[in-house]
$ cat target_21.txt   # compact mmCIF, C-alpha atoms
# COMPACT_ATOMS: atom_id res chain seq x y z
CA MET A 288 -15.76 -8.92 -30.77
CA SER A 289 -18.32 -7.26 -28.53
CA GLY A 290 -17.47 -5.87 -25.08
CA ASP A 291 -19.54 -8.60 -23.40
CA ALA A 292 -17.70 -11.29 -25.31
CA GLU A 293 -14.35 -9.76 -24.37
CA ALA A 294 -15.38 -9.70 -20.70
CA THR A 295 -16.40 -13.36 -20.86
CA ASP A 296 -12.97 -14.30 -22.20
CA ARG A 297 -11.18 -12.58 -19.32
CA ASN A 298 -9.69 -14.60 -16.50
CA TYR A 299 -10.63 -12.11 -13.78
CA ASP A 300 -13.19 -9.32 -13.43
CA THR A 301 -11.71 -7.62 -10.36
CA VAL A 302 -8.18 -6.80 -9.21
CA PHE A 303 -7.29 -6.06 -5.58
CA TRP A 304 -4.06 -4.12 -5.03
CA ASP A 305 -1.73 -3.69 -2.08
CA ILE A 306 -0.15 -0.22 -1.97
CA GLY A 307 3.27 -0.32 -0.29
CA GLY A 308 5.76 -2.27 -2.38
CA VAL A 309 3.26 -2.81 -5.19
CA ILE A 310 1.86 0.55 -6.27
CA VAL A 311 4.25 2.70 -4.22
CA GLU A 312 7.99 2.11 -4.23
CA LEU A 313 8.96 1.48 -0.60
CA ARG A 314 12.39 3.05 -1.03
CA SER A 315 10.75 6.35 -1.95
CA ILE A 316 8.83 6.31 1.33
CA ARG A 317 12.02 5.70 3.29
CA GLU A 318 13.67 8.57 1.41
CA GLY A 319 10.79 10.81 2.48
CA TYR A 320 11.30 9.86 6.12
CA ALA A 321 15.01 10.66 5.83
CA ALA A 322 14.27 14.02 4.20
CA PHE A 323 11.81 14.84 6.98
CA ILE A 324 14.33 14.11 9.72
CA SER A 325 17.09 15.90 7.82
CA GLU A 326 15.02 19.09 7.72
CA LEU A 327 14.13 18.84 11.40
CA ALA A 328 17.76 18.18 12.30
CA ALA A 329 18.97 21.18 10.30
CA ASP A 330 16.39 23.47 11.90
CA HIS A 331 17.03 22.29 15.46
CA GLY A 332 20.75 21.51 15.58
CA MET A 333 20.50 17.71 15.72
CA ASP A 334 22.73 15.04 14.22
CA PRO A 335 20.61 13.83 11.27
CA GLU A 336 21.85 10.23 11.30
CA ALA A 337 21.38 9.81 15.04
CA ALA A 338 17.97 11.49 14.86
CA LEU A 339 16.85 9.22 12.01
CA ASP A 340 18.01 6.12 13.89
CA GLU A 341 16.10 7.16 17.01
CA TRP A 342 13.00 8.10 15.02
CA LYS A 343 12.93 4.77 13.17
CA SER A 344 13.52 2.87 16.40
CA VAL A 345 10.55 4.48 18.16
CA LEU A 346 8.38 3.98 15.07
CA GLY A 347 9.37 0.33 14.90
CA GLU A 348 8.51 -0.24 18.55
CA HIS A 349 5.12 1.38 17.95
CA PHE A 350 4.26 -1.14 15.26
CA LYS A 351 5.66 -4.07 17.24
CA ALA A 352 3.27 -3.20 20.08
CA ALA A 353 0.30 -4.31 17.98
CA ASP A 354 -1.53 -7.37 19.32
CA GLY A 355 -1.42 -10.02 16.59
CA ALA A 356 -3.17 -8.73 13.47
CA GLU A 357 -4.46 -5.63 15.25
CA TYR A 358 -3.60 -2.41 13.41
CA GLN A 359 -1.47 0.38 14.79
CA SER A 360 -1.97 3.82 13.21
CA ALA A 361 1.05 4.98 11.22
CA HIS A 362 0.25 8.62 11.97
CA GLU A 363 0.24 7.89 15.70
CA GLY A 364 3.62 6.21 15.24
CA TYR A 365 4.98 9.28 13.46
CA ARG A 366 3.71 11.44 16.32
CA LYS A 367 5.35 9.24 18.96
CA ALA A 368 8.65 9.06 17.09
CA THR A 369 8.82 12.81 16.43
CA THR A 370 7.78 13.67 19.99
CA ALA A 371 10.58 11.44 21.29
CA LEU A 372 13.15 13.47 19.37
CA PHE A 373 12.06 16.64 21.14
CA ASP A 374 11.51 15.26 24.66
CA GLY A 375 7.74 15.60 24.38
CA ASP A 376 7.57 19.02 22.71
CA PRO A 377 7.86 18.70 18.90
CA PRO A 378 7.64 21.76 16.63
CA GLU A 379 4.08 22.71 15.68
CA ASP A 380 4.74 22.31 11.95
CA TRP A 381 6.20 18.78 12.10
CA GLU A 382 3.18 17.22 10.38
CA LEU A 383 3.38 19.67 7.48
CA ILE A 384 7.11 19.03 7.10
CA LEU A 385 6.51 15.27 7.09
CA GLU A 386 3.73 15.58 4.52
CA GLU A 387 5.79 17.77 2.20
CA SER A 388 8.93 15.63 2.57
CA THR A 389 7.21 12.34 1.80
CA ALA A 390 5.19 13.83 -1.06
CA ALA A 391 8.37 15.14 -2.68
CA THR A 392 10.06 11.73 -2.79
CA LEU A 393 7.03 9.51 -3.47
CA ARG A 394 7.42 7.30 -6.53
CA ALA A 395 5.32 4.55 -8.07
CA GLU A 396 6.62 1.08 -8.81
CA ASP A 397 7.65 0.65 -12.43
CA GLY A 398 4.60 -0.12 -14.56
CA ALA A 399 2.08 0.37 -11.76
CA ILE A 400 0.35 3.50 -13.04
CA GLU A 401 0.06 2.41 -16.66
CA THR A 402 -1.19 -1.05 -15.65
CA ILE A 403 -3.86 0.39 -13.34
CA GLU A 404 -4.95 2.81 -16.04
CA ALA A 405 -5.08 0.06 -18.68
CA LEU A 406 -7.23 -2.15 -16.44
CA HIS A 407 -9.52 0.76 -15.71
CA GLU A 408 -9.83 1.57 -19.40
CA ALA A 409 -10.73 -2.07 -20.08
CA GLY A 410 -13.53 -1.97 -17.52
CA ILE A 411 -11.84 -4.14 -14.89
CA GLN A 412 -13.01 -3.36 -11.37
CA GLN A 413 -10.18 -2.44 -9.00
CA ALA A 414 -9.88 -2.01 -5.25
CA ILE A 415 -7.23 -1.36 -2.62
CA VAL A 416 -6.56 -3.81 0.23
CA SER A 417 -3.72 -2.30 2.22
CA ASP A 418 -2.27 -2.06 5.74
CA ILE A 419 -2.24 1.72 5.73
CA ASP A 420 -3.89 4.76 7.26
CA THR A 421 -6.95 5.76 5.25
CA ALA A 422 -5.98 9.37 4.56
CA GLU A 423 -2.50 8.27 3.47
CA ALA A 424 -3.98 5.77 1.01
CA HIS A 425 -6.21 8.39 -0.58
CA ASP A 426 -3.39 10.94 -0.73
CA MET A 427 -1.02 8.52 -2.47
CA LEU A 428 -3.56 7.51 -5.10
CA GLU A 429 -4.49 11.14 -5.69
CA SER A 430 -0.83 12.11 -6.10
CA PHE A 431 -0.44 9.58 -8.91
CA GLY A 432 -3.70 10.62 -10.56
CA ILE A 433 -5.23 7.13 -10.28
CA HIS A 434 -7.71 7.57 -7.43
CA ASP A 435 -10.68 7.39 -9.78
CA CYS A 436 -9.49 4.02 -11.13
CA PHE A 437 -10.53 2.36 -7.85
CA ASP A 438 -14.07 1.36 -6.94
CA HIS A 439 -13.33 0.65 -3.28
CA ILE A 440 -10.55 1.22 -0.75
CA THR A 441 -10.07 -1.08 2.22
CA THR A 442 -7.52 0.05 4.81
CA SER A 443 -6.43 -1.51 8.05
CA GLU A 444 -7.24 1.72 9.83
CA GLU A 445 -10.91 1.32 8.88
CA ILE A 446 -11.10 -2.41 9.61
CA GLY A 447 -8.90 -2.35 12.72
CA PHE A 448 -6.86 -5.35 11.58
CA LYS A 449 -4.01 -6.07 9.20
CA LYS A 450 -3.68 -8.67 6.49
CA PRO A 451 -3.78 -11.68 6.47
CA ASP A 452 -6.91 -11.19 8.61
CA SER A 453 -9.83 -12.33 6.46
CA ARG A 454 -11.86 -9.25 7.39
CA MET A 455 -9.64 -7.14 5.16
CA PHE A 456 -10.42 -9.17 2.07
CA GLU A 457 -14.06 -9.72 2.97
CA ASP A 458 -14.58 -5.97 3.26
CA ALA A 459 -13.17 -5.47 -0.22
CA LEU A 460 -15.37 -8.25 -1.61
CA ASP A 461 -18.44 -6.75 0.06
CA GLY A 462 -17.53 -3.24 -1.09
CA THR A 463 -17.09 -4.24 -4.72
CA GLY A 464 -19.61 -7.08 -4.96
CA ALA A 465 -16.80 -9.14 -6.48
CA VAL A 466 -16.84 -12.93 -6.73
CA PRO A 467 -13.70 -14.44 -5.11
CA GLU A 468 -13.11 -16.88 -7.98
CA ARG A 469 -13.17 -13.99 -10.47
CA THR A 470 -10.91 -11.77 -8.34
CA VAL A 471 -7.14 -11.62 -8.06
CA MET A 472 -5.00 -9.99 -5.35
CA VAL A 473 -1.65 -8.40 -6.27
CA GLY A 474 0.76 -8.32 -3.36
CA ASP A 475 4.45 -8.37 -2.46
CA ARG A 476 4.31 -10.38 0.78
CA HIS A 477 3.32 -14.02 0.83
CA ARG A 478 1.91 -14.36 4.33
CA ASN A 479 -0.05 -11.13 4.37
CA ASP A 480 -1.19 -10.61 0.78
CA ILE A 481 -1.05 -13.99 -0.90
CA ALA A 482 -1.97 -16.48 1.83
CA GLY A 483 -4.53 -14.03 3.20
CA ALA A 484 -6.31 -13.65 -0.13
CA ALA A 485 -6.12 -17.36 -0.92
CA GLY A 486 -7.73 -18.09 2.43
CA VAL A 487 -11.00 -16.53 1.24
CA GLY A 488 -10.82 -18.03 -2.24
CA ILE A 489 -9.29 -15.08 -4.09
CA GLY A 490 -6.73 -15.70 -6.85
CA THR A 491 -3.23 -14.42 -6.22
CA VAL A 492 -0.43 -12.64 -8.07
CA GLY A 493 2.88 -12.47 -6.26
CA TYR A 494 4.97 -9.44 -7.17
CA GLY A 495 8.61 -10.13 -6.32
CA GLU A 496 10.46 -12.85 -4.46
CA GLU A 497 8.91 -12.26 -1.03
CA ALA A 498 5.45 -13.02 -2.46
CA ARG A 499 6.33 -16.48 -3.68
CA GLY A 500 4.85 -19.53 -1.98
CA PRO A 501 2.43 -22.42 -2.29
CA GLU A 502 -0.64 -20.16 -2.49
CA THR A 503 0.81 -17.98 -5.27
CA ASP A 504 -1.13 -18.61 -8.47
CA HIS A 505 0.96 -16.29 -10.64
CA GLU A 506 4.48 -14.91 -10.11
CA ILE A 507 5.54 -11.66 -11.77
CA GLU A 508 8.54 -9.34 -11.72
CA ASN A 509 6.95 -6.68 -13.92
CA LEU A 510 3.49 -5.31 -13.13
CA ARG A 511 2.68 -5.05 -16.83
CA GLU A 512 2.45 -8.86 -16.85
CA LEU A 513 -0.77 -8.48 -14.87
CA LEU A 514 -2.63 -7.50 -18.04
CA ASP A 515 -2.01 -10.91 -19.61
CA ILE A 516 -2.98 -12.66 -16.37
CA VAL A 517 -6.29 -10.83 -16.25
CA GLY A 518 -6.82 -11.33 -19.96
CA ILE A 519 -6.34 -7.79 -21.25
CA GLU A 520 -4.41 -7.01 -24.40
CA GLU A 521 -2.02 -4.07 -24.18

$ encode --input "target_21.txt" --output "structure tokens"
Amino acid sequence: MSGDAEATDRNYDTVFWDIGGVIVELRSIREGYAAFISELAADHGMDPEAALDEWKSVLGEHFKAADGAEYQSAHEGYRKATTALFDGDPPEDWELILEESTAATLRAEDGAIETIEALHEAGIQQAIVSDIDTAEAHDMLESFGIHDCFDHITTSEEIGFKKPDSRMFEDALDGTGAVPERTVMVGDRHRNDIAGAAGVGIGTVGYGEEARGPETDHEIENLRELLDIVGIEE
């Protein structure tokens, strides 16, 4: 069968991906935060558990301060939380320590890398639609060696709003030239990823229980199942 015929038989031409909880294992990010605080605590004589609790509390309040779907920079939240631990005078190398700590623990969700690579090899267009800082998105994809598999990256930092705001998905559609009916969004949260994508006519794949709902076209527990949904043979 020719490549054009194979493409015609596919169910989707473009796949949009969330990052946190879909490509990146969220637990590995939390482990990186804990490692960061543990190192700071050891260097500065702090109780690591109390320091981590305070750091997470300030970071949480930072994100809660967002107005509706408006985006709050994660890096600014890290700065606020770390500054709070040191009464306004954090160590100069805190950003480097955070970067190294989170990079050391970062892990991909099972099947994510091989699925992305298989879709890329098959000529399926792929893009990121994620509530994340832009530099962090690029760094994560680079660390897994899959950055070149993506034709476009939409982040909330660039758009100024979080999913389910339609501007997130519209930017990805504009950036890829994708047709909504021939596009599918893979996400782990129903309201943000699934309902948001469905609202602009994009097909949806819910990864995990929290993505299930009336707008979920396909439910998966293993990312490798995405290949069959798209119409790609392993």

$ atom_distance --input "target_21.txt" --atom1 "atom CA of A:Asp296" --atom2 "atom CA of A:Glu508"
24.4 Å

$ residues_around --input "target_21.txt" --residues "A:Glu502" --least-positions-apart "3" --cutoff "8 Å" --atoms "all atoms listed in the file" --output "list in words"
Ile481, Ala482, Ala485, Thr491 and Arg499 of chain A

$ residues_around --input "target_21.txt" --residues "A:Gln413" --least-positions-apart "2" --cutoff "7 Å" --atoms "only C-alpha atoms" --output "list in words"
Thr301, Val302, Phe303, Ile411, Cys436, Phe437 and Asp438 of chain A

$ closest_residue --input "target_21.txt" --among "A:Glu379, A:Asp340, A:Asp300, A:Glu348" --to "A:His407" --atoms "only C-alpha atoms"
A:Asp300

$ closest_residue --input "target_21.txt" --among "A:Glu396, A:Glu444, A:Glu512, A:Asp418" --to "A:Glu312" --atoms "only C-alpha atoms"
A:Glu396

$ residues_around --input "target_21.txt" --residues "A:Phe350" --least-positions-apart "2" --cutoff "9 Å" --atoms "all atoms listed in the file" --output "PyMOL selection string"
chain A and resi 345-348+352-353+358-361+364

$ closest_residue --input "target_21.txt" --among "A:Glu326, A:Phe431, A:Asp305, A:Asp480" --to "A:Ile419" --atoms "all atoms listed in the file"
A:Asp305

$ atom_distance --input "target_21.txt" --atom1 "atom CA of A:His439" --atom2 "atom CA of A:Thr421"
11.8 Å

$ atom_distance --input "target_21.txt" --atom1 "atom CA of A:Trp304" --atom2 "atom CA of A:Ala321"
26.5 Å

$ closest_residue --input "target_21.txt" --among "A:Glu357, A:Ala328, A:Ala322, A:Asn298" --to "A:Pro378" --atoms "all atoms listed in the file"
A:Ala328

$ residues_near_point --input "target_21.txt" --point "(-13.3, -9.4, -0.9)" --cutoff "12 Å" --atoms "all atoms listed in the file" --output "PyMOL selection string"
chain A and resi 301-304+413-416+439-441+452-472+483-490

$ residues_around --input "target_21.txt" --residues "stretch 474-479 of chain A" --least-positions-apart "6" --cutoff "7 Å" --atoms "all atoms listed in the file" --output "list in words"
Trp304, Asp305, Gly308, Val309, Lys450, Pro451, Val492, Gly493, Tyr494, Gly495, Glu497, Ala498, Arg499 and Gly500 of chain A

$ residues_around --input "target_21.txt" --residues "A:Asp330" --least-positions-apart "3" --cutoff "12 Å" --atoms "all atoms listed in the file" --output "list in words"
Phe323, Ile324, Ser325, Glu326, Leu327, Met333, Asp334, Pro335, Pro378, Asp380, Trp381 and Ile384 of chain A
